[in-house]
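Structure file start_36.txt (compact mmCIF, C-alpha atoms (C1' of nucleotides)) follows.
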# COMPACT_ATOMS: atom_id res chain seq x y z
CA MET L 1 0.00 0.00 0.00
CA GLU L 2 1.60 3.22 -1.23
CA PRO L 3 -0.17 6.11 0.45
CA ILE L 4 1.12 8.61 -2.07
CA ASP L 5 -0.43 6.70 -4.95
CA ILE L 6 -3.71 6.61 -3.12
CA PHE L 7 -3.62 10.34 -2.41
CA LYS L 8 -2.83 10.97 -6.07
CA ALA L 9 -5.59 8.68 -7.28
CA LEU L 10 -8.13 10.50 -5.15
CA SER L 11 -7.00 14.03 -5.89
CA ASN L 12 -9.29 14.11 -8.90
CA GLU L 13 -13.00 14.65 -8.63
CA THR L 14 -14.06 12.08 -11.20
CA ARG L 15 -11.93 9.36 -9.66
CA LEU L 16 -13.14 10.21 -6.20
CA ASN L 17 -16.70 10.00 -7.51
CA ILE L 18 -16.06 6.62 -9.07
CA LEU L 19 -14.88 5.25 -5.77
CA GLN L 20 -17.96 6.57 -4.05
CA TRP L 21 -20.32 5.32 -6.75
CA LEU L 22 -18.87 1.86 -6.38
CA LYS L 23 -19.74 1.90 -2.72
CA GLU L 24 -23.39 1.54 -3.69
CA PRO L 25 -23.39 0.18 -7.23
CA GLU L 26 -27.10 -0.73 -7.24
CA LYS L 27 -27.92 2.86 -6.42
CA HIS L 28 -25.65 4.54 -8.95
CA PHE L 29 -25.79 2.03 -11.78
CA PRO L 30 -29.42 0.96 -11.74
CA LYS L 31 -29.71 -0.14 -15.35
CA GLN L 32 -26.50 -2.14 -15.30
CA GLY L 33 -26.28 -5.84 -15.86
CA ALA L 34 -28.17 -6.24 -19.09
CA HIS L 35 -25.41 -8.58 -20.19
CA LEU L 36 -24.75 -10.89 -17.28
CA PRO L 37 -26.60 -12.74 -14.52
CA LYS L 38 -27.07 -10.70 -11.40
CA GLU L 39 -24.85 -12.68 -9.12
CA VAL L 40 -21.91 -11.74 -11.30
CA SER L 41 -22.87 -8.14 -11.89
CA TYR L 42 -22.92 -6.47 -8.53
CA LYS L 43 -20.76 -8.73 -6.50
CA GLY L 44 -18.26 -8.67 -9.32
CA GLY L 45 -18.45 -4.93 -9.76
CA VAL L 46 -19.49 -2.59 -12.53
CA CYS L 47 -18.27 -2.72 -16.11
CA VAL L 48 -16.16 0.01 -17.67
CA GLY L 49 -18.84 1.14 -20.08
CA ASP L 50 -21.36 1.85 -17.35
CA ILE L 51 -18.79 3.74 -15.33
CA GLN L 52 -17.73 5.71 -18.38
CA GLU L 53 -21.28 6.74 -19.17
CA LYS L 54 -21.81 8.08 -15.68
CA ALA L 55 -18.40 9.73 -15.49
CA LYS L 56 -18.90 11.57 -18.76
CA ALA L 57 -15.32 11.24 -19.90
CA SER L 58 -13.88 9.44 -22.87
CA GLN L 59 -13.48 5.68 -22.91
CA SER L 60 -9.70 5.85 -22.83
CA THR L 61 -9.70 8.33 -19.99
CA VAL L 62 -11.96 6.20 -17.84
CA SER L 63 -9.99 3.09 -18.62
CA HIS L 64 -6.87 4.94 -17.58
CA TYR L 65 -8.49 6.16 -14.37
CA LEU L 66 -9.61 2.68 -13.42
CA ASN L 67 -6.18 1.27 -14.10
CA MET L 68 -4.58 3.96 -11.99
CA MET L 69 -6.96 3.30 -9.13
CA GLN L 70 -6.34 -0.39 -9.38
CA LYS L 71 -2.58 0.10 -9.28
CA ALA L 72 -3.04 2.23 -6.20
CA GLY L 73 -4.91 -0.70 -4.69
CA LEU L 74 -8.28 0.99 -4.39
CA LEU L 75 -10.00 -1.19 -6.99
CA GLU L 76 -9.79 -4.71 -8.26
CA SER L 77 -11.08 -6.08 -11.53
CA VAL L 78 -12.60 -9.27 -12.80
CA ARG L 79 -12.85 -10.09 -16.45
CA HIS L 80 -16.02 -11.80 -17.60
CA GLY L 81 -16.18 -12.41 -21.28
CA GLN L 82 -15.64 -9.15 -23.06
CA TRP L 83 -16.44 -7.11 -20.01
CA THR L 84 -14.17 -6.02 -17.22
CA TYR L 85 -15.88 -5.43 -13.91
CA TYR L 86 -14.32 -3.11 -11.40
CA ARG L 87 -15.15 -3.11 -7.73
CA ARG L 88 -13.70 -1.58 -4.60
CA ASN L 89 -10.94 -3.30 -2.71
CA GLU L 90 -12.44 -2.76 0.70
CA GLU L 91 -9.50 -4.26 2.51
CA VAL L 92 -7.04 -1.72 1.10
CA ILE L 93 -9.46 1.12 1.65
CA ARG L 94 -9.88 0.10 5.26
CA GLN L 95 -6.13 -0.22 5.69
CA PHE L 96 -5.62 3.23 4.27
CA ALA L 97 -8.21 4.75 6.58
CA GLU L 98 -6.42 3.13 9.47
CA TYR L 99 -3.04 4.34 8.21
CA PHE L 100 -4.35 7.87 7.97
CA LYS L 101 -5.83 7.83 11.41
CA THR L 102 -2.73 6.49 13.11
CA GLU L 103 0.21 7.73 11.05
CA ILE L 104 -0.95 11.04 9.69
CA MET E 105 -13.05 21.19 4.28
CA GLU E 106 -12.39 20.36 0.63
CA PRO E 107 -11.34 16.72 0.45
CA ILE E 108 -9.83 17.12 -3.01
CA ASP E 109 -7.51 19.87 -1.81
CA ILE E 110 -6.40 17.66 1.05
CA PHE E 111 -5.75 14.73 -1.24
CA LYS E 112 -3.76 17.01 -3.55
CA ALA E 113 -1.76 18.48 -0.72
CA LEU E 114 -0.78 15.05 0.49
CA SER E 115 0.00 13.53 -2.87
CA ASN E 116 3.57 14.75 -2.59
CA GLU E 117 6.16 13.04 -0.47
CA THR E 118 7.73 16.15 0.97
CA ARG E 119 4.42 17.63 2.01
CA LEU E 120 3.31 14.37 3.51
CA ASN E 121 6.58 14.26 5.43
CA ILE E 122 6.08 17.78 6.71
CA LEU E 123 2.69 16.88 8.12
CA GLN E 124 4.16 13.87 9.85
CA TRP E 125 7.14 15.77 11.18
CA LEU E 126 4.83 18.32 12.71
CA LYS E 127 3.09 15.58 14.61
CA GLU E 128 6.15 15.33 16.83
CA PRO E 129 8.01 18.60 16.42
CA GLU E 130 10.34 18.06 19.39
CA LYS E 131 11.51 14.84 17.81
CA HIS E 132 12.07 16.10 14.30
CA PHE E 133 13.18 19.64 15.00
CA PRO E 134 15.36 19.21 18.07
CA LYS E 135 17.55 22.25 17.65
CA GLN E 136 14.64 24.58 16.97
CA GLY E 137 13.72 27.52 19.10
CA ALA E 138 17.04 29.29 19.39
CA HIS E 139 15.13 32.48 18.75
CA LEU E 140 12.07 32.35 20.94
CA PRO E 141 11.00 31.21 24.41
CA LYS E 142 9.96 27.60 24.52
CA GLU E 143 6.33 28.15 25.30
CA VAL E 144 5.94 29.84 21.94
CA SER E 145 8.10 27.48 19.92
CA TYR E 146 6.46 24.09 20.08
CA LYS E 147 2.94 24.99 20.99
CA GLY E 148 3.04 27.60 18.27
CA GLY E 149 4.62 25.29 15.71
CA VAL E 150 7.85 25.23 13.78
CA CYS E 151 9.25 28.09 11.74
CA VAL E 152 9.63 27.95 7.99
CA GLY E 153 13.41 27.95 8.04
CA ASP E 154 13.63 24.85 10.19
CA ILE E 155 11.12 23.04 8.04
CA GLN E 156 12.97 24.08 4.92
CA GLU E 157 16.26 22.77 6.20
CA LYS E 158 14.79 19.40 6.94
CA ALA E 159 12.79 19.22 3.72
CA LYS E 160 15.83 20.00 1.58
CA ALA E 161 13.95 22.09 -0.91
CA SER E 162 14.32 25.75 -1.75
CA GLN E 163 12.91 28.41 0.51
CA SER E 164 10.28 29.47 -2.00
CA THR E 165 9.18 25.91 -2.61
CA VAL E 166 8.72 25.21 1.07
CA SER E 167 6.89 28.46 1.60
CA HIS E 168 4.61 27.49 -1.24
CA TYR E 169 4.05 24.02 0.20
CA LEU E 170 3.14 25.39 3.58
CA ASN E 171 0.75 27.88 2.09
CA MET E 172 -0.91 25.15 0.05
CA MET E 173 -1.28 22.94 3.08
CA GLN E 174 -2.70 25.78 5.07
CA LYS E 175 -5.25 26.57 2.37
CA ALA E 176 -6.25 22.92 2.39
CA GLY E 177 -6.81 23.29 6.11
CA LEU E 178 -4.12 20.90 7.25
CA LEU E 179 -1.94 23.57 8.84
CA GLU E 180 -2.35 26.86 10.59
CA SER E 181 0.23 29.57 11.09
CA VAL E 182 1.14 32.09 13.73
CA ARG E 183 3.42 34.99 13.07
CA HIS E 184 5.83 35.90 15.83
CA GLY E 185 8.15 38.69 14.96
CA GLN E 186 9.94 37.85 11.79
CA TRP E 187 9.14 34.19 12.05
CA THR E 188 6.08 32.33 10.91
CA TYR E 189 5.32 29.19 12.84
CA TYR E 190 3.33 26.45 11.23
CA ARG E 191 1.55 23.74 13.14
CA ARG E 192 -1.01 21.08 12.37
CA ASN E 193 -4.69 21.83 12.45
CA GLU E 194 -5.67 18.72 14.33
CA GLU E 195 -9.35 19.44 14.12
CA VAL E 196 -9.38 19.44 10.31
CA ILE E 197 -7.14 16.39 10.17
CA ARG E 198 -9.49 14.54 12.47
CA GLN E 199 -12.50 15.64 10.46
CA PHE E 200 -10.87 14.42 7.29
CA ALA E 201 -10.06 11.04 8.78
CA GLU E 202 -13.68 10.76 9.81
CA TYR E 203 -14.86 11.84 6.38
CA PHE E 204 -12.69 9.22 4.76
CA LYS E 205 -13.88 6.48 7.00
CA THR E 206 -17.57 7.21 6.56
CA GLU E 207 -17.91 8.67 3.08
CA ILE E 208 -15.18 6.97 1.07
C1' DT D 209 -13.67 -16.51 -40.19
C1' DT D 210 -15.84 -12.31 -40.25
C1' DG D 211 -18.04 -8.59 -37.97
C1' DA D 212 -19.45 -6.34 -33.90
C1' DC D 213 -18.56 -4.90 -29.45
C1' DA D 214 -15.83 -3.97 -24.88
C1' DT D 215 -11.72 -2.67 -23.11
C1' DA D 216 -6.74 -1.57 -23.19
C1' DT D 217 -2.91 0.73 -24.96
C1' DC D 218 -0.46 4.24 -27.72
C1' DG D 219 0.97 8.76 -28.99
C1' DA D 220 0.30 13.48 -28.83
C1' DA D 221 -1.45 18.04 -27.29
C1' DA D 222 -3.04 20.85 -23.63
C1' DA D 223 -3.37 21.94 -18.86
C1' DA D 224 -1.70 21.92 -14.30
C1' DA D 225 1.85 21.33 -10.78
C1' DA D 226 6.60 21.58 -9.21
C1' DT D 227 10.44 24.06 -8.62
C1' DC D 228 13.74 27.53 -8.59
C1' DG D 229 16.19 32.14 -8.34
C1' DA D 230 15.20 36.83 -7.92
C1' DT D 231 12.81 40.23 -5.68
C1' DA D 232 9.54 42.27 -2.38
C1' DT D 233 7.87 42.84 2.27
C1' DA D 234 8.05 42.80 7.07
C1' DT D 235 10.39 42.83 11.33
C1' DA D 236 14.53 43.29 14.33
C1' DA D 237 18.94 44.99 15.67
C1' DT D 238 22.47 48.50 15.45
C1' DA G 239 18.08 55.35 8.85
C1' DT G 240 20.62 51.28 7.62
C1' DT G 241 21.50 46.64 7.65
C1' DA G 242 20.42 41.93 8.42
C1' DT G 243 17.24 38.18 8.68
C1' DA G 244 12.81 35.50 7.79
C1' DT G 245 9.21 34.74 4.91
C1' DA G 246 6.19 35.68 0.92
C1' DT G 247 5.47 36.56 -3.75
C1' DC G 248 6.70 36.85 -8.68
C1' DG G 249 8.05 35.11 -13.12
C1' DA G 250 9.86 31.59 -15.73
C1' DT G 251 11.13 26.88 -16.84
C1' DT G 252 10.72 22.06 -16.35
C1' DT G 253 8.07 18.14 -15.19
C1' DT G 254 3.90 15.74 -14.53
C1' DT G 255 -0.88 14.99 -15.24
C1' DT G 256 -4.93 15.15 -17.95
C1' DT G 257 -7.31 14.06 -21.75
C1' DC G 258 -8.39 12.67 -26.17
C1' DG G 259 -8.72 10.16 -30.73
C1' DA G 260 -6.79 6.41 -33.04
C1' DT G 261 -5.52 1.87 -32.94
C1' DA G 262 -4.73 -2.75 -30.96
C1' DT G 263 -6.41 -6.75 -28.47
C1' DG G 264 -9.60 -9.90 -26.90
C1' DT G 265 -14.18 -12.02 -26.93
C1' DC G 266 -18.65 -13.28 -28.66
C1' DA G 267 -22.12 -14.36 -32.26
C1' DA G 268 -23.47 -15.44 -36.79

Output the structure of this file as structure tokens.
Amino acid sequence: MEPIDIFKALSNETRLNILQWLKEPEKHFPKQGAHLPKEVSYKGGVCVGDIQEKAKASQSTVSHYLNMMQKAGLLESVRHGQWTYYRRNEEVIRQFAEYFKTEI
Amino acid sequence: MEPIDIFKALSNETRLNILQWLKEPEKHFPKQGAHLPKEVSYKGGVCVGDIQEKAKASQSTVSHYLNMMQKAGLLESVRHGQWTYYRRNEEVIRQFAEYFKTEI
DNA sequence: TTGACATATCGAAAAAAATCGATATATAAT
DNA sequence: ATTATATATCGATTTTTTTCGATATGTCAA
């Protein structure tokens, strides 16, 4: 866990939004999951296209964002067919919150 | 409290270090306070020159850093004669930790 | 195997941040 | 008043980040 990478990842409004949206995917991506059975969809995260639509940035930008957040440890991804589902890595997020509280 | 500004301020190693140093000023700035009575020195924070020396960056850069961190709410400053003492704003830091834990 | 779609990667341009030396401002000491 | 010291601000350059369109890769369906 590299705190600096996490701070960097979250010092952008869109990326911060994405992380918050993924906290309650059913709420923020209601029409998602046309493609796959439900048990995969939400547990497995939200696909790039749905996130892109909500983020209102280009496909490449959003893909880049998600990759950056994953490298920072905030997200993890599962590939299912042609879709990549991103979801929060709650363990890292919890760790970081703890780090901030105790070390910062 | 603007979370994004706080994330930005801390997405730099030197600035993150400064915030941590100021958590235990006596430990990290042992020879400080040649100029002023002790009751002012530590309670009031650490002066820019001492921080600069430890940060190993130019005077203008460090001044800029401190200003940025203050605008983000992480630090507060007290002027005493020709010196400006910076110290942590524990209230904002605590608030931010709480924000992260509950909202992120 | 071809065509359609989802996502990732590449390369470049634009925007923002980092960083410094020089200078200004404020205070203190002589 | 002059000089010295601490910090802030300015202006410019370099570096990093943002952001996109174009293209590549991988997968599915016909």

Report as a compact mmCIF listing (two decimals) with C-alpha atoms, in the coordinates of the input the set of chain E residues whose atoms approach chain L to within 12 Å, with distances computed over all atoms listed in the file.
# COMPACT_ATOMS: atom_id res chain seq x y z
CA GLU E 106 -12.39 20.36 0.63
CA PRO E 107 -11.34 16.72 0.45
CA ILE E 108 -9.83 17.12 -3.01
CA ASP E 109 -7.51 19.87 -1.81
CA ILE E 110 -6.40 17.66 1.05
CA PHE E 111 -5.75 14.73 -1.24
CA LYS E 112 -3.76 17.01 -3.55
CA ALA E 113 -1.76 18.48 -0.72
CA LEU E 114 -0.78 15.05 0.49
CA SER E 115 0.00 13.53 -2.87
CA ASN E 116 3.57 14.75 -2.59
CA GLU E 117 6.16 13.04 -0.47
CA THR E 118 7.73 16.15 0.97
CA ARG E 119 4.42 17.63 2.01
CA LEU E 120 3.31 14.37 3.51
CA ASN E 121 6.58 14.26 5.43
CA ILE E 122 6.08 17.78 6.71
CA LEU E 123 2.69 16.88 8.12
CA GLN E 124 4.16 13.87 9.85
CA TRP E 125 7.14 15.77 11.18
CA LEU E 126 4.83 18.32 12.71
CA LYS E 127 3.09 15.58 14.61
CA GLU E 128 6.15 15.33 16.83
CA LEU E 178 -4.12 20.90 7.25
CA ARG E 192 -1.01 21.08 12.37
CA ASN E 193 -4.69 21.83 12.45
CA GLU E 194 -5.67 18.72 14.33
CA VAL E 196 -9.38 19.44 10.31
CA ILE E 197 -7.14 16.39 10.17
CA ARG E 198 -9.49 14.54 12.47
CA GLN E 199 -12.50 15.64 10.46
CA PHE E 200 -10.87 14.42 7.29
CA ALA E 201 -10.06 11.04 8.78
CA GLU E 202 -13.68 10.76 9.81
CA TYR E 203 -14.86 11.84 6.38
CA PHE E 204 -12.69 9.22 4.76
CA LYS E 205 -13.88 6.48 7.00
CA THR E 206 -17.57 7.21 6.56
CA GLU E 207 -17.91 8.67 3.08
CA ILE E 208 -15.18 6.97 1.07

Tell me the residues of chain G close to chain E, meaning within 9 Å using all atoms listed in the file, as a ChimeraX atom specification.
/G:243-247

Using Å and a single decimal, report how far CA of His184 (chain E) sits from CA of Leu170 (chain E).
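One can read the CA of Leu170 (chain E) to CA of His184 (chain E) distance as 16.4 Å.
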
d(CA of Glu26 (chain L), CA of Lys54 (chain L)) in Å
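Distance between the two atoms: 13.3 Å.
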
Point out the residue among E:Val150, E:Val166, E:Ala176, E:Ile155 with the least atom-to-atom distance to chain D, counting all atoms listed in the file.
E:Val166

With 8 Å on each side, where is the centre of the axis-aligned box around all listed atoms of region 234-237 of chain D, and how long are its edges in Å to one decimal, as JSON?
{"center_x": 13.5, "center_y": 43.9, "center_z": 11.4, "size_x": 26.9, "size_y": 18.2, "size_z": 24.6}

Which residues are close to region 221-228 of chain D, i.e. within 9 Å by all atoms listed in the file, leaving aside same-chain residues fewer than 4 positions away? Reply as a ChimeraX atom specification.
/E:161-162,164-165 /G:251-258

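Counting all atoms listed in the file and comparing L:Glu91, L:Gly45, L:Gln52, L:Gly73, the residue that lies closest to chain D is L:Gln52.
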
Could you work out which residues of chain D fall inside 12 Å of chain L? Count all atoms listed in the file, and format the result as a VMD selection string.
chain D and resid 212 to 218

Report, in Å with one decimal, the straight-line distance from C1' of DC266 (chain G) to C1' of DT209 (chain D).
13.0 Å
